[in-house]
file input-v8.txt (compact mmCIF, C-alpha atoms and all ligand atoms)
# COMPACT_ATOMS: atom_id res chain seq x y z
CA MET A 10 -41.98 -24.74 -63.24
CA PRO A 11 -39.63 -27.42 -61.89
CA GLU A 12 -39.96 -31.03 -62.89
CA LYS A 13 -43.31 -32.44 -61.91
CA LEU A 14 -43.30 -34.17 -58.54
CA THR A 15 -46.91 -34.03 -57.56
CA LYS A 16 -50.34 -34.42 -59.02
CA PHE A 17 -50.59 -30.68 -59.26
CA GLU A 18 -51.95 -29.17 -62.43
CA CYS A 19 -52.59 -25.46 -62.61
CA ARG A 20 -56.16 -24.73 -63.73
CA ILE A 21 -55.22 -21.21 -64.81
CA CYS A 22 -57.93 -19.73 -62.65
CA GLY A 23 -55.72 -16.77 -61.72
CA GLU A 24 -56.88 -16.77 -58.10
CA CYS A 25 -53.33 -16.69 -56.78
CA CYS A 26 -52.62 -13.53 -58.77
CA ARG A 27 -55.38 -11.44 -57.20
CA GLY A 28 -56.47 -9.91 -53.94
CA GLY A 29 -54.13 -9.93 -50.98
CA GLN A 30 -51.53 -12.29 -52.44
CA LYS A 31 -47.99 -11.06 -51.88
CA VAL A 32 -45.44 -11.75 -54.58
CA TRP A 33 -42.05 -11.01 -53.02
CA LEU A 34 -39.19 -10.24 -55.36
CA ASN A 35 -35.44 -10.65 -55.22
CA PRO A 36 -32.85 -8.40 -56.94
CA ALA A 37 -32.63 -10.61 -60.06
CA ASP A 38 -36.43 -10.51 -60.41
CA MET A 39 -36.35 -6.73 -60.26
CA GLU A 40 -33.53 -6.41 -62.79
CA ARG A 41 -35.37 -8.62 -65.26
CA LEU A 42 -38.71 -6.95 -64.70
CA ALA A 43 -37.20 -3.50 -65.23
CA SER A 44 -35.51 -4.69 -68.41
CA TYR A 45 -38.73 -6.33 -69.67
CA LEU A 46 -40.62 -3.10 -69.07
CA GLY A 47 -37.95 -1.04 -70.81
CA LEU A 48 -37.12 0.92 -67.66
CA ASP A 49 -33.73 2.39 -66.88
CA GLY A 50 -33.24 0.12 -63.88
CA PRO A 51 -34.93 -1.48 -60.87
CA ASP A 52 -35.13 1.87 -59.06
CA GLU A 53 -37.82 2.94 -61.51
CA LEU A 54 -40.05 0.05 -60.46
CA GLU A 55 -40.95 1.69 -57.18
CA ALA A 56 -41.32 5.18 -58.69
CA ARG A 57 -43.81 3.74 -61.20
CA ARG A 58 -45.57 1.73 -58.50
CA ILE A 59 -44.85 -1.58 -60.20
CA ILE A 60 -43.51 -2.64 -56.82
CA VAL A 61 -43.92 -1.52 -53.23
CA ILE A 62 -41.47 -1.99 -50.37
CA GLU A 63 -43.08 -3.60 -47.39
CA ALA A 64 -42.19 -5.42 -44.19
CA GLY A 65 -42.21 -9.16 -44.82
CA GLU A 66 -41.11 -12.09 -42.67
CA HIS A 67 -39.40 -11.00 -39.42
CA GLY A 68 -40.39 -7.40 -40.22
CA ILE A 69 -37.66 -7.15 -42.88
CA LEU A 70 -38.37 -4.64 -45.66
CA ARG A 71 -38.64 -6.28 -49.06
CA PRO A 72 -39.99 -5.42 -52.50
CA ARG A 73 -43.15 -7.05 -53.74
CA LEU A 74 -45.37 -6.62 -56.79
CA TYR A 75 -48.01 -3.95 -56.33
CA PHE A 76 -51.49 -5.18 -57.33
CA PRO A 77 -53.43 -2.19 -58.67
CA PRO A 78 -57.15 -2.05 -57.91
CA GLY A 79 -59.54 -2.87 -60.76
CA PRO A 80 -63.27 -3.42 -61.33
CA ALA A 81 -63.01 -6.94 -59.86
CA GLY A 82 -60.62 -5.99 -57.04
CA ALA A 83 -56.85 -5.81 -56.89
CA SER A 84 -54.88 -8.06 -59.18
CA CYS A 85 -51.39 -8.44 -60.59
CA ARG A 86 -50.88 -6.11 -63.54
CA PHE A 87 -49.41 -9.05 -65.47
CA LEU A 88 -52.55 -11.16 -65.12
CA ILE A 89 -54.70 -11.41 -68.24
CA ASN A 90 -58.29 -12.25 -67.50
CA ASP A 91 -60.20 -13.81 -70.35
CA LEU A 92 -63.08 -16.16 -71.10
CA ASP A 93 -62.43 -19.64 -72.49
CA GLU A 94 -64.65 -21.34 -75.14
CA SER A 95 -67.14 -22.36 -72.47
CA GLY A 96 -67.38 -18.85 -71.06
CA ARG A 97 -65.31 -19.70 -67.97
CA LEU A 98 -63.23 -16.85 -66.59
CA TRP A 99 -59.59 -17.74 -66.52
CA GLY A 100 -56.43 -15.87 -65.60
CA ARG A 101 -53.24 -16.19 -67.56
CA CYS A 102 -49.86 -14.79 -66.59
CA SER A 103 -48.56 -12.57 -69.38
CA LEU A 104 -45.02 -13.22 -68.12
CA HIS A 105 -45.36 -16.99 -68.43
CA GLY A 106 -42.37 -18.43 -70.30
CA LYS A 107 -40.52 -15.13 -70.04
CA ALA A 108 -37.40 -14.45 -68.03
CA ALA A 109 -39.23 -11.62 -66.23
CA LYS A 110 -41.60 -13.99 -64.43
CA PRO A 111 -40.69 -13.71 -60.73
CA LEU A 112 -38.96 -16.69 -59.18
CA VAL A 113 -41.71 -17.30 -56.64
CA CYS A 114 -44.28 -17.48 -59.47
CA ARG A 115 -42.06 -19.83 -61.49
CA LEU A 116 -41.70 -22.14 -58.50
CA ALA A 117 -45.34 -22.18 -57.37
CA PRO A 118 -46.74 -24.33 -55.89
CA LEU A 119 -43.31 -25.37 -54.66
CA SER A 120 -41.79 -23.42 -51.86
CA ARG A 121 -38.31 -23.53 -50.38
CA GLU A 122 -37.27 -22.86 -46.81
CA ILE A 123 -33.59 -22.22 -46.40
CA ASP A 124 -31.53 -22.46 -43.24
CA LEU A 125 -29.08 -19.59 -43.63
CA ASP A 126 -26.70 -21.06 -41.04
CA ASP A 127 -26.01 -24.37 -42.71
CA GLY A 128 -27.46 -23.78 -46.20
CA SER A 129 -29.87 -26.73 -45.93
CA GLU A 130 -33.17 -26.51 -47.77
CA LYS A 131 -36.63 -27.84 -47.05
CA TRP A 132 -39.07 -28.19 -49.91
CA MET A 133 -42.82 -28.12 -49.66
CA GLU A 134 -45.80 -27.97 -51.94
CA VAL A 135 -48.03 -25.23 -50.64
CA PRO A 136 -51.42 -24.13 -51.95
CA PRO A 137 -50.70 -20.65 -53.32
CA VAL A 138 -54.19 -19.62 -52.26
CA ILE A 139 -56.83 -21.29 -50.11
CA GLY A 140 -59.02 -23.39 -52.38
CA CYS A 141 -56.47 -23.63 -55.22
CA PRO A 142 -58.04 -26.30 -57.46
CA GLY A 143 -54.69 -27.57 -58.78
CA TRP A 144 -54.73 -30.81 -56.73
CA GLY A 145 -58.36 -31.76 -57.24
CA ASP A 146 -59.64 -33.58 -54.15
CA THR A 147 -56.28 -34.00 -52.44
CA PRO A 148 -54.82 -30.55 -51.80
CA PRO A 149 -51.95 -30.19 -49.35
CA PRO A 150 -52.84 -28.60 -46.02
CA PRO A 151 -52.58 -24.78 -45.98
CA GLU A 152 -49.20 -24.99 -44.19
CA GLY A 153 -47.87 -27.19 -46.99
CA ARG A 154 -46.70 -30.77 -47.49
CA ALA A 155 -43.04 -31.75 -47.35
CA LEU A 156 -41.44 -32.98 -50.55
CA PRO A 157 -38.07 -34.49 -51.45
CA PRO A 158 -35.75 -31.95 -53.12
CA PRO A 159 -37.05 -31.42 -56.66
CA GLU A 160 -34.92 -31.55 -59.78
CA LEU A 161 -34.59 -27.98 -60.91
CA ASP A 162 -33.38 -26.61 -64.17
CA PRO A 163 -30.03 -24.82 -63.91
CA GLY A 164 -31.59 -21.36 -64.35
CA ILE A 165 -33.86 -21.82 -61.34
CA ARG A 166 -31.05 -23.24 -59.23
CA GLU A 167 -28.89 -20.25 -60.08
CA ASP A 168 -31.70 -17.87 -59.11
CA LEU A 169 -32.22 -19.71 -55.82
CA GLU A 170 -28.56 -19.38 -55.01
CA GLY A 171 -28.73 -15.65 -55.75
CA GLU A 172 -31.78 -15.41 -53.54
CA THR A 173 -29.98 -17.18 -50.71
CA GLU A 174 -27.22 -14.56 -50.87
CA TYR A 175 -29.87 -11.84 -50.83
CA PHE A 176 -31.52 -13.37 -47.74
CA LYS A 177 -28.14 -13.47 -46.00
CA ILE A 178 -27.62 -9.77 -46.66
CA LEU A 179 -31.12 -8.99 -45.42
CA SER A 180 -30.69 -11.07 -42.29
CA GLU A 181 -27.53 -9.14 -41.37
CA LYS A 182 -29.28 -5.76 -41.53
S1 LIG B 1 -54.94 -20.78 -57.72
FE1 LIG B 1 -53.95 -22.72 -58.23
S2 LIG B 1 -54.96 -23.43 -60.10
FE2 LIG B 1 -55.47 -21.25 -59.86
S3 LIG B 1 -53.89 -20.19 -61.09
FE3 LIG B 1 -53.14 -20.30 -58.98
S4 LIG B 1 -51.88 -22.18 -58.93
FE4 LIG B 1 -53.18 -22.28 -60.77
S1 LIG B 2 -46.37 -12.39 -62.32
FE1 LIG B 2 -47.79 -13.79 -63.30
S2 LIG B 2 -47.89 -15.60 -61.95
FE2 LIG B 2 -46.95 -13.92 -60.78
S3 LIG B 2 -48.70 -12.96 -59.70
FE3 LIG B 2 -48.42 -11.86 -61.64
S4 LIG B 2 -49.81 -12.86 -63.11
FE4 LIG B 2 -49.55 -14.21 -61.34

call {"tool": "encode", "arguments": {"input": "input-v8.txt", "output": "structure tokens"}}
result
Amino acid sequence: MPEKLTKFECRICGECCRGGQKVWLNPADMERLASYLGLDGPDELEARRIIVIEAGEHGILRPRLYFPPGPAGASCRFLINDLDESGRLWGRCSLHGKAAKPLVCRLAPLSREIDLDDGSEKWMEVPPVIGCPGWGDTPPPPEGRALPPPELDPGIREDLEGETEYFKILSEK
């Protein structure tokens, strides 16, 4: 997670890792995930239904995590549901702190919009799911709230730059 800019504090409820959430991946995410899972390469992710390829923004085909169905509905296979001391159900990401955690999950609730023509970026804090309790009584609107550019650690900046190149390739298809 980038340096704290907001009053956001994740309550580890796991709601953004369930249901119809779409976790889009970039090539670096897929390489790391395949390596973490001990697969021969990213191609195996689709064969094993770890990911699915689906039309995203502007109808462009992109990979995203597949959420398998379970007793409580679909959820990310990397989500660990557990009860805390008070019996509250919580949801922890088993990839947290690991290189294999997808970029979009590492950034949340921050979101970047990039202008591919001039390379400029807009940053927002966006509730990852309606009703996310991370801001208490002052959540951003569903469409997000603009933020100044955050300070990012070098690893995240490098991944964002790689993702920008990926978006350029996709936009030219
Ligand atoms: S919905 Fe919000 S509080 Fe709950 S896990 Fe996701 S980011 Fe954290
Ligand atoms: S990888 Fe982790 S943070 Fe991302 S959706 Fe899955 S459980 Fe949630």

call {"tool": "atom_distance", "arguments": {"input": "input-v8.txt", "atom1": "atom CA of Cys25 of chain A", "atom2": "atom S2 of ligand LIG 2 (chain B)"}}
result
7.6 Å

call {"tool": "closest_residue", "arguments": {"input": "input-v8.txt", "among": "A:Pro148, A:Gly128, A:Gly65, A:Pro36", "to": "Phe17 of chain A", "atoms": "only C-alpha atoms"}}
result
A:Pro148

call {"tool": "residues_around", "arguments": {"input": "input-v8.txt", "residues": "Arg115 of chain A", "least_positions_apart": "5", "cutoff": "10 Å", "atoms": "all atoms listed in the file", "output": "PyMOL selection string"}}
result
chain A and resi 10-11+104-110+165

call {"tool": "residues_around", "arguments": {"input": "input-v8.txt", "residues": "segment 66-74 of chain A", "least_positions_apart": "4", "cutoff": "7 Å", "atoms": "only C-alpha atoms", "output": "VMD selection string"}}
result
chain A and resid 31 to 34 59 to 62

call {"tool": "closest_atom_pairs", "arguments": {"input": "input-v8.txt", "of": "chain A", "to": "ligand LIG 1 (chain B)", "cutoff": "10 Å", "atoms": "all atoms listed in the file", "output": "tab-separated table"}}
result
residue	atom	partner	partner_atom	distance
A:Phe17	CA	B:LIG1	S2	8.5
A:Glu18	CA	B:LIG1	S2	6.9
A:Cys19	CA	B:LIG1	FE4	3.7
A:Arg20	CA	B:LIG1	S2	4.0
A:Ile21	CA	B:LIG1	S3	4.1
A:Cys22	CA	B:LIG1	FE2	4.0
A:Gly23	CA	B:LIG1	S3	3.9
A:Glu24	CA	B:LIG1	S1	4.5
A:Cys25	CA	B:LIG1	FE3	4.2
A:Cys26	CA	B:LIG1	FE3	6.8
A:Arg27	CA	B:LIG1	FE3	9.3
A:Leu88	CA	B:LIG1	S3	10.0
A:Trp99	CA	B:LIG1	S3	8.2
A:Gly100	CA	B:LIG1	S3	6.7
A:Arg101	CA	B:LIG1	S3	7.6
A:Cys102	CA	B:LIG1	S3	8.7
A:Cys114	CA	B:LIG1	S4	9.0
A:Ala117	CA	B:LIG1	S4	6.7
A:Pro118	CA	B:LIG1	S4	6.3
A:Val135	CA	B:LIG1	S4	9.6
A:Pro136	CA	B:LIG1	FE1	6.9
A:Pro137	CA	B:LIG1	S4	5.9
A:Val138	CA	B:LIG1	S1	5.6
A:Ile139	CA	B:LIG1	S1	7.9
A:Gly140	CA	B:LIG1	S1	7.2
A:Cys141	CA	B:LIG1	FE1	4.0
A:Pro142	CA	B:LIG1	S2	5.0
A:Gly143	CA	B:LIG1	S2	4.4
A:Trp144	CA	B:LIG1	S2	8.1
A:Gly145	CA	B:LIG1	S2	9.4

call {"tool": "axis_aligned_box", "arguments": {"input": "input-v8.txt", "around": "ligand LIG 2 (chain B)", "padding_each_side": "5 Å", "output": "JSON"}}
result
{"center_x": -48.1, "center_y": -13.7, "center_z": -61.5, "size_x": 13.4, "size_y": 13.7, "size_z": 13.6}

call {"tool": "closest_residue", "arguments": {"input": "input-v8.txt", "among": "A:Ser84, A:Gly79, A:Leu169, A:Gly164", "to": "Arg121 of chain A", "atoms": "only C-alpha atoms"}}
result
A:Leu169

call {"tool": "residues_near_point", "arguments": {"input": "input-v8.txt", "point": "(-33.2, -14.8, -53.7)", "cutoff": "10 Å", "atoms": "all atoms listed in the file", "output": "PyMOL selection string"}}
result
chain A and resi 33-38+112-113+167-177

call {"tool": "closest_residue", "arguments": {"input": "input-v8.txt", "among": "A:Gly28, A:Pro78, A:Gly50, A:Pro111", "to": "ligand LIG 2 (chain B)", "atoms": "all atoms listed in the file"}}
result
A:Pro111

call {"tool": "closest_residue", "arguments": {"input": "input-v8.txt", "among": "A:Ala43, A:Leu119, A:Ile178, A:Leu54", "to": "Leu156 of chain A", "atoms": "only C-alpha atoms"}}
result
A:Leu119

call {"tool": "atom_distance", "arguments": {"input": "input-v8.txt", "atom1": "atom CA of Pro149 of chain A", "atom2": "atom CA of Leu125 of chain A"}}
result
25.8 Å

call {"tool": "atom_distance", "arguments": {"input": "input-v8.txt", "atom1": "atom CA of Met39 of chain A", "atom2": "atom CA of Asp162 of chain A"}}
result
20.5 Å
